[in-house]
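Listing of final.txt; format and content: compact mmCIF, C-alpha atoms (C1' of nucleotides).
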```
# COMPACT_ATOMS: atom_id res chain seq x y z
CA MET A 1 -2.55 9.58 13.02
CA ALA A 2 -4.17 8.56 9.76
CA ARG A 3 -2.75 6.30 7.11
CA ALA A 4 0.36 7.56 5.38
CA SER A 5 -0.01 9.60 2.24
CA THR A 6 -0.20 7.71 -1.04
CA THR A 7 2.56 10.01 -2.21
CA SER A 8 4.82 9.15 0.70
CA ASP A 9 6.45 6.26 -1.15
CA ALA A 10 6.04 3.67 -3.90
CA PHE A 11 4.59 1.10 -1.49
CA ASN A 12 1.67 3.36 -0.67
CA ALA A 13 1.14 4.48 -4.25
CA VAL A 14 1.00 0.89 -5.46
CA ALA A 15 -1.54 -0.16 -2.84
CA GLU A 16 -4.30 1.08 -5.12
CA PRO A 17 -5.32 -1.53 -7.73
CA ARG A 18 -6.12 0.99 -10.44
CA ARG A 19 -2.70 2.50 -10.10
CA ARG A 20 -1.16 -0.91 -10.56
CA GLU A 21 -3.23 -1.35 -13.70
CA ILE A 22 -1.99 1.96 -15.00
CA LEU A 23 1.61 1.04 -14.30
CA THR A 24 1.18 -2.25 -16.09
CA TYR A 25 -0.47 -0.55 -19.04
CA LEU A 26 2.30 2.03 -19.28
CA ALA A 27 5.14 -0.44 -18.93
CA GLY A 28 7.57 0.12 -21.75
CA VAL A 29 5.24 2.35 -23.75
CA GLU A 30 4.37 6.00 -23.77
CA ARG A 31 0.64 6.81 -23.91
CA PRO A 32 -1.52 9.92 -23.67
CA VAL A 33 -4.08 10.19 -20.88
CA GLY A 34 -6.97 9.70 -23.27
CA GLU A 35 -5.78 6.25 -24.24
CA ILE A 36 -5.36 5.20 -20.64
CA VAL A 37 -8.92 6.32 -20.00
CA ALA A 38 -10.18 4.35 -22.97
CA ALA A 39 -8.10 1.27 -22.29
CA LEU A 40 -8.87 0.93 -18.60
CA GLY A 41 -12.43 2.23 -18.68
CA LEU A 42 -11.96 4.82 -15.95
CA GLU A 43 -13.11 8.42 -15.69
CA GLN A 44 -10.68 10.96 -17.04
CA PRO A 45 -10.37 12.96 -13.80
CA SER A 46 -9.76 9.73 -11.95
CA VAL A 47 -6.91 8.79 -14.25
CA SER A 48 -5.40 12.25 -13.95
CA LYS A 49 -5.50 12.01 -10.19
CA HIS A 50 -3.89 8.59 -10.15
CA LEU A 51 -1.22 9.78 -12.56
CA ARG A 52 -0.54 12.68 -10.25
CA VAL A 53 0.13 10.33 -7.37
CA LEU A 54 2.29 8.07 -9.49
CA ARG A 55 4.26 11.04 -10.74
CA ASP A 56 4.81 12.39 -7.25
CA VAL A 57 6.54 9.19 -6.19
CA GLY A 58 8.42 8.87 -9.48
CA LEU A 59 6.57 5.78 -10.70
CA VAL A 60 5.73 7.42 -14.02
CA ARG A 61 7.44 9.96 -16.22
CA MET A 62 5.59 12.59 -18.20
CA ARG A 63 6.36 14.55 -21.33
CA CYS A 64 4.27 17.14 -23.14
CA GLN A 65 3.51 16.82 -26.82
CA GLY A 66 1.20 19.48 -28.12
CA ARG A 67 -1.96 19.39 -26.12
CA GLN A 68 -1.45 15.92 -24.90
CA LYS A 69 0.76 14.60 -22.15
CA LEU A 70 2.50 11.32 -22.64
CA TYR A 71 3.07 9.07 -19.68
CA ARG A 72 5.27 6.04 -19.25
CA THR A 73 6.09 3.81 -16.33
CA ASN A 74 9.45 4.45 -14.72
CA ALA A 75 10.37 0.88 -13.91
CA GLU A 76 13.38 1.94 -11.87
CA ALA A 77 11.04 3.19 -9.17
CA ILE A 78 9.51 -0.27 -8.82
CA ARG A 79 12.85 -1.85 -8.19
CA PRO A 80 12.94 -1.13 -4.45
CA LEU A 81 9.66 -3.01 -4.05
CA HIS A 82 11.06 -5.90 -6.00
CA GLU A 83 14.16 -5.97 -3.86
CA TRP A 84 12.24 -5.83 -0.61
CA THR A 85 10.04 -8.74 -1.61
CA ALA A 86 13.10 -10.61 -2.84
CA THR A 87 14.50 -10.75 0.67
CA PHE A 88 11.77 -13.28 1.47
CA GLU A 89 12.50 -15.52 -1.49
CA ARG A 90 14.62 -17.98 0.47
CA TYR A 91 11.87 -18.36 3.06
CA TRP A 92 9.13 -19.31 0.70
CA GLN A 93 11.52 -21.82 -0.79
CA HIS A 94 12.03 -23.21 2.70
CA GLN A 95 8.32 -23.37 3.29
CA LEU A 96 7.84 -25.29 0.09
CA HIS A 97 10.32 -27.84 1.38
CA HIS A 98 8.37 -28.15 4.61
CA VAL A 99 5.10 -28.57 2.81
CA LYS A 100 6.69 -31.19 0.63
CA ALA A 101 8.23 -32.98 3.60
CA ARG A 102 4.91 -33.00 5.42
CA ALA A 103 3.12 -34.29 2.39
CA GLU A 104 5.62 -37.12 2.07
CA ALA A 105 5.38 -37.92 5.77
CA MET A 106 1.62 -38.08 5.44
CA ALA A 107 1.96 -40.36 2.47
CA ARG A 108 4.11 -42.67 4.59
CA GLY A 109 1.37 -42.75 7.20
CA VAL A 110 3.31 -40.73 9.77
CA ALA A 111 1.21 -38.34 11.87
CA ALA A 112 2.51 -34.94 10.90
CA ASP A 113 2.55 -32.42 13.73
CA PRO A 114 1.51 -29.06 12.33
CA HIS A 115 4.51 -27.36 13.93
CA THR A 116 7.38 -29.70 13.46
CA SER A 117 8.84 -26.86 11.44
CA ASP A 118 10.18 -25.28 14.65
CA PRO A 119 13.07 -27.30 16.10
CA ASN A 120 12.99 -25.20 19.33
CA LEU A 121 9.58 -26.52 20.21
CA LYS A 122 9.46 -27.66 23.82
CA GLU A 123 5.83 -27.99 24.74
CA LYS A 124 5.45 -30.33 27.70
CA ALA A 125 4.53 -33.58 26.08
CA MET B 126 -15.22 5.96 -1.52
CA ALA B 127 -12.26 5.94 0.83
CA ARG B 128 -8.99 4.12 0.46
CA ALA B 129 -9.22 0.33 0.38
CA SER B 130 -8.94 -1.57 3.62
CA THR B 131 -5.47 -2.59 4.77
CA THR B 132 -6.91 -6.05 5.10
CA SER B 133 -8.12 -6.12 1.52
CA ASP B 134 -4.87 -7.52 0.18
CA ALA B 135 -1.14 -7.84 0.77
CA PHE B 136 -0.37 -4.68 -1.21
CA ASN B 137 -2.39 -2.56 1.18
CA ALA B 138 -1.12 -4.32 4.28
CA VAL B 139 2.47 -3.81 3.25
CA ALA B 140 2.03 -0.11 2.57
CA GLU B 141 2.61 0.58 6.25
CA PRO B 142 6.34 0.79 7.12
CA ARG B 143 5.96 -0.72 10.57
CA ARG B 144 4.25 -3.72 9.13
CA ARG B 145 7.13 -4.20 6.74
CA GLU B 146 9.52 -4.05 9.67
CA ILE B 147 7.51 -6.68 11.48
CA LEU B 148 7.51 -8.94 8.44
CA THR B 149 11.25 -8.57 8.07
CA TYR B 150 11.77 -9.27 11.76
CA LEU B 151 9.59 -12.37 11.62
CA ALA B 152 11.11 -13.75 8.44
CA GLY B 153 12.07 -17.34 9.03
CA VAL B 154 11.71 -17.15 12.81
CA GLU B 155 8.87 -17.53 15.25
CA ARG B 156 8.66 -14.85 17.94
CA PRO B 157 6.22 -13.90 20.69
CA VAL B 158 4.58 -10.48 20.63
CA GLY B 159 6.66 -9.25 23.55
CA GLU B 160 9.89 -9.70 21.63
CA ILE B 161 8.55 -7.86 18.63
CA VAL B 162 7.60 -5.00 20.91
CA ALA B 163 11.05 -4.96 22.47
CA ALA B 164 12.92 -5.38 19.20
CA LEU B 165 11.08 -2.73 17.22
CA GLY B 166 10.40 -0.30 20.04
CA LEU B 167 6.68 0.02 19.42
CA GLU B 168 3.75 0.00 21.82
CA GLN B 169 2.29 -3.40 22.54
CA PRO B 170 -1.26 -2.54 21.39
CA SER B 171 0.18 -1.12 18.21
CA VAL B 172 2.04 -4.32 17.46
CA SER B 173 -1.05 -6.39 18.19
CA LYS B 174 -3.07 -4.30 15.80
CA HIS B 175 -0.50 -4.56 13.04
CA LEU B 176 -0.26 -8.30 13.57
CA ARG B 177 -4.01 -8.50 13.26
CA VAL B 178 -3.90 -6.84 9.86
CA LEU B 179 -1.03 -9.03 8.72
CA ARG B 180 -2.86 -12.12 9.88
CA ASP B 181 -6.05 -11.14 8.09
CA VAL B 182 -4.26 -11.06 4.76
CA GLY B 183 -2.24 -14.17 5.54
CA LEU B 184 1.12 -12.43 5.76
CA VAL B 185 1.85 -13.95 9.16
CA ARG B 186 0.95 -17.23 10.83
CA MET B 187 0.19 -17.53 14.53
CA ARG B 188 0.36 -20.35 17.01
CA CYS B 189 -0.42 -20.38 20.70
CA GLN B 190 2.06 -21.62 23.26
CA GLY B 191 0.93 -21.19 26.83
CA ARG B 192 0.10 -17.58 27.37
CA GLN B 193 2.14 -16.35 24.52
CA LYS B 194 1.38 -16.31 20.85
CA LEU B 195 4.13 -17.01 18.41
CA TYR B 196 4.13 -15.25 15.07
CA ARG B 197 6.08 -15.93 11.95
CA THR B 198 6.08 -14.41 8.50
CA ASN B 199 4.29 -16.44 5.87
CA ALA B 200 6.61 -15.73 2.95
CA GLU B 201 4.26 -17.39 0.48
CA ALA B 202 1.89 -14.45 0.84
CA ILE B 203 4.60 -12.05 -0.26
CA ARG B 204 5.18 -13.96 -3.44
CA PRO B 205 2.40 -12.30 -5.45
CA LEU B 206 3.97 -8.91 -4.75
CA HIS B 207 7.33 -10.22 -5.86
CA GLU B 208 5.84 -11.56 -9.04
CA TRP B 209 3.99 -8.37 -9.84
CA THR B 210 7.12 -6.29 -9.46
CA ALA B 211 9.08 -8.86 -11.46
CA THR B 212 6.98 -8.10 -14.54
CA PHE B 213 8.80 -4.77 -14.74
CA GLU B 214 12.26 -6.24 -14.52
CA ARG B 215 12.88 -6.23 -18.26
CA TYR B 216 11.93 -2.58 -18.45
CA TRP B 217 14.34 -1.31 -15.90
CA GLN B 218 17.03 -3.30 -17.67
CA HIS B 219 16.00 -1.53 -20.89
CA GLN B 220 16.18 1.82 -19.19
CA LEU B 221 19.67 1.09 -18.00
CA HIS B 222 20.67 0.36 -21.58
CA HIS B 223 19.20 3.66 -22.69
CA VAL B 224 20.99 5.57 -20.01
CA LYS B 225 24.19 3.86 -21.01
CA ALA B 226 23.63 4.52 -24.71
CA ARG B 227 22.93 8.17 -24.04
CA ALA B 228 26.01 8.49 -21.93
CA GLU B 229 28.11 7.00 -24.71
CA ALA B 230 26.52 9.25 -27.30
CA MET B 231 27.28 12.23 -25.15
CA ALA B 232 30.85 11.07 -24.80
CA ARG B 233 31.08 10.95 -28.58
CA GLY B 234 29.83 14.53 -28.71
CA VAL B 235 26.47 13.63 -30.27
CA ALA B 236 23.55 15.77 -29.11
CA ALA B 237 21.31 13.33 -27.25
CA ASP B 238 17.60 13.96 -27.63
CA PRO B 239 15.93 13.27 -24.28
CA HIS B 240 13.24 11.14 -25.91
CA THR B 241 14.96 9.10 -28.54
CA SER B 242 14.01 6.19 -26.31
CA ASP B 243 10.66 5.78 -28.09
CA PRO B 244 11.09 4.43 -31.61
CA ASN B 245 7.43 5.21 -32.47
CA LEU B 246 8.05 8.87 -31.97
CA LYS B 247 6.96 10.84 -35.04
CA GLU B 248 7.12 14.46 -34.06
CA LYS B 249 7.06 16.68 -37.14
CA ALA B 250 10.75 17.15 -37.71
C1' DT C 251 -10.64 35.93 -31.13
C1' DT C 252 -13.48 32.02 -30.52
C1' DG C 253 -14.21 27.36 -29.91
C1' DA C 254 -12.94 22.64 -29.55
C1' DC C 255 -9.98 19.39 -27.48
C1' DA C 256 -6.87 17.22 -23.80
C1' DT C 257 -5.83 17.27 -19.02
C1' DA C 258 -5.70 18.91 -14.37
C1' DT C 259 -7.67 20.60 -10.18
C1' DT C 260 -11.13 21.67 -6.77
C1' DC C 261 -15.03 20.69 -3.93
C1' DC C 262 -17.79 17.29 -1.84
C1' DG C 263 -19.01 13.29 1.19
C1' DA C 264 -18.25 8.64 3.05
C1' DT C 265 -14.94 5.76 4.94
C1' DA C 266 -10.75 3.65 6.72
C1' DT C 267 -7.20 4.23 8.99
C1' DA C 268 -2.96 4.77 12.96
C1' DG C 269 -1.69 6.00 17.43
C1' DG C 270 -2.69 6.63 22.43
C1' DA C 271 -5.27 5.42 26.50
C1' DA C 272 -8.01 2.33 28.78
C1' DT C 273 -9.96 -2.01 29.20
C1' DG C 274 -10.93 -6.98 28.21
C1' DT C 275 -9.47 -11.94 28.03
C1' DA C 276 -6.84 -16.03 28.64
C1' DT C 277 -3.17 -18.62 30.98
C1' DT C 278 0.12 -19.50 34.72
C1' DG C 279 1.79 -19.67 39.44
C1' DT C 280 0.94 -19.76 44.49
C1' DA D 281 -9.36 -18.11 44.36
C1' DC D 282 -6.22 -14.32 43.29
C1' DA D 283 -2.55 -11.80 41.40
C1' DA D 284 0.54 -11.47 37.62
C1' DT D 285 1.70 -12.06 32.86
C1' DA D 286 0.91 -11.83 27.78
C1' DC D 287 -1.96 -10.19 24.29
C1' DA D 288 -6.11 -8.37 22.06
C1' DT D 289 -9.75 -5.14 21.54
C1' DT D 290 -12.35 -0.91 22.04
C1' DC D 291 -12.95 4.04 22.03
C1' DC D 292 -11.47 8.36 20.42
C1' DT D 293 -9.52 11.81 17.24
C1' DA D 294 -7.07 13.73 13.33
C1' DT D 295 -6.23 12.89 8.77
C1' DA D 296 -5.88 11.06 4.11
C1' DT D 297 -7.99 9.27 0.87
C1' DC D 298 -11.28 7.84 -3.57
C1' DG D 299 -14.91 8.68 -6.66
C1' DG D 300 -18.15 11.87 -8.90
C1' DA D 301 -19.43 16.41 -10.53
C1' DA D 302 -18.11 20.71 -11.83
C1' DT D 303 -14.68 23.77 -13.13
C1' DA D 304 -10.10 25.51 -14.50
C1' DT D 305 -5.98 25.51 -17.51
C1' DG D 306 -3.49 25.05 -21.64
C1' DT D 307 -3.02 24.20 -26.69
C1' DC D 308 -4.39 24.01 -31.43
C1' DA D 309 -7.40 25.33 -35.41
C1' DA D 310 -10.20 28.31 -38.17
```
Just give me the structure of the file as structure tokens.
Amino acid sequence: MARASTTSDAFNAVAEPRRREILTYLAGVERPVGEIVAALGLEQPSVSKHLRVLRDVGLVRMRCQGRQKLYRTNAEAIRPLHEWTATFERYWQHQLHHVKARAEAMARGVAADPHTSDPNLKEKA
Amino acid sequence: MARASTTSDAFNAVAEPRRREILTYLAGVERPVGEIVAALGLEQPSVSKHLRVLRDVGLVRMRCQGRQKLYRTNAEAIRPLHEWTATFERYWQHQLHHVKARAEAMARGVAADPHTSDPNLKEKA
DNA sequence: TTGACATATTCCGATATAGGAATGTATTGT
DNA sequence: ACAATACATTCCTATATCGGAATATGTCAA
């Protein structure tokens, strides 16, 4: 099996840096393709292809106006990513406490074992 | 050019669903490979390969204990993703307001233009 | 109608997977 | 030393890109 399609979900679509740039650029504003090309310095076909991917997973919305097509980021579609990452928030807070505790222990001259973080540790001493 | 390496950054590493499952499973707890295999129902080599990718981008930490290797999610490495998605938070709040406003307008019997959301809109009336 | 303008799509080639099977490596127990 | 246990790595194949070049599609203007 190969890697999953970029259009399979928002996680895959957002893995590409240029697509993240586009999403950031189109956050809260509607812009025609030409301006995205100019602003980000990419080739026009490249931008169109990225927009196609983003549209397929619902990360951008499109609307026609004359001969141009206006795109805008659909922030709602980013929410699931935000919520998934948020489930780890309490753990990085924990880790900060550990780092802080270790730093303080070091400052007090106590030899800090690199794995004191795990209370279940039972290596034969 | 092909797609960027899964080890190029956390965004690419996290694009794979199984790797997200592993990260969730290892959040806040240290577990040997065998338990990950059993818990997620994947093949052992597959888990090892995913762990390798996660380790290369710093998403998991590893420690040896006898013949087993204990892995644990390094939540800090997920933080950049959380922060990137957080930059869109205000926009999905905006969108909710718009949806709400449109719904209320509809309730009042006002014809709601689908694109009144953009105040800069100057279509020839 | 003809042409210019704005985007989209197709074709191409190089590369990076992800899974399955088989094999390699390190550590423990007898 | 030898077998068993716990993981990691390699080899193989099918597939999905991503960028660049060329081309197609659709809309407006004269």
Exercise for the section: Please provide the set of residues having any atom within 10 Å of B:Arg180, restricted to all atoms listed in the file, with same-chain residues fewer than 4 positions apart removed, written as a ChimeraX atom specification. Expected result: /B:132,138,174-176,184-187,196-199
I'd like the box whose edges run along x, y and z of the file and which contains every listed atom of stretch 283-288 of chain D, padded by 4 Å per side; could you state its centre and edge lengths in Å, one decimal, as AutoDock Vina command-line options?
```
--center_x -2.2 --center_y -10.2 --center_z 31.7 --size_x 15.8 --size_y 11.7 --size_z 27.3
```
Problem - chain B residues near chain A (8 Å cut-off, all atoms listed in the file) as a list in words - result: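 Result, ordered by chain then number: Arg128, Ala129, Phe136, Asn137, Val139, Ala140, Glu141, Ala152, Gly153, Glu155, Gln190, Asn199, Ala200, Glu201, Ile203, Arg204, Leu206, His207, Thr210, Ala211, Phe213, Glu214, Tyr216, Trp217, Gln220 and Asp243 of chain B.
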Problem - Distance filter 10 Å, all atoms listed in the file, chain C against chain A, as a list in words - result: DC255, DA256, DT257, DA258, DT259, DA266, DT267, DA268, DG269 and DG270 of chain C
With chain B as the partner and 9 Å as the cut-off, tabulate the residues of chain D that qualify, each row holding the nearest pair of atoms and their distance in Å to one decimal, using only C-alpha atoms (C1' of nucleotides), sorted by chain and rising number, as a tab-separated table.
```
residue	atom	partner	partner_atom	distance
D:DT285	C1'	B:Arg192	CA	7.9
D:DA286	C1'	B:Gln193	CA	5.7
D:DC287	C1'	B:Ser173	CA	7.2
D:DA288	C1'	B:Ser173	CA	6.7
D:DT289	C1'	B:Lys174	CA	8.8
D:DA296	C1'	B:Arg128	CA	8.4
D:DT297	C1'	B:Arg128	CA	5.3
D:DC298	C1'	B:Met126	CA	4.8
D:DG299	C1'	B:Met126	CA	5.8
```
Handout entry: Gap from atom CA of B:Ser171 to atom CA of B:Tyr150 - Å, one decimal
Key = 15.6 Å
Problem - Interatomic distance, atom CA of B:Cys189 to atom C1' of C:DA276 (Å, one decimal) - result: 11.1 Å
Handout entry: Between atom C1' of D:DT293 and atom C1' of C:DT273, distance in Å (one decimal)
Key =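 Going from atom C1' of D:DT293 over to atom C1' of C:DT273 covers 18.3 Å.
Here the selection is built from all atoms listed in the file, and the residues within 12 Å of (-12.2, 22.0, -31.0) turn out to be Arg67 of chain A; DT252, DG253, DA254, DC255 and DA256 of chain C; DT307, DC308, DA309 and DA310 of chain D.
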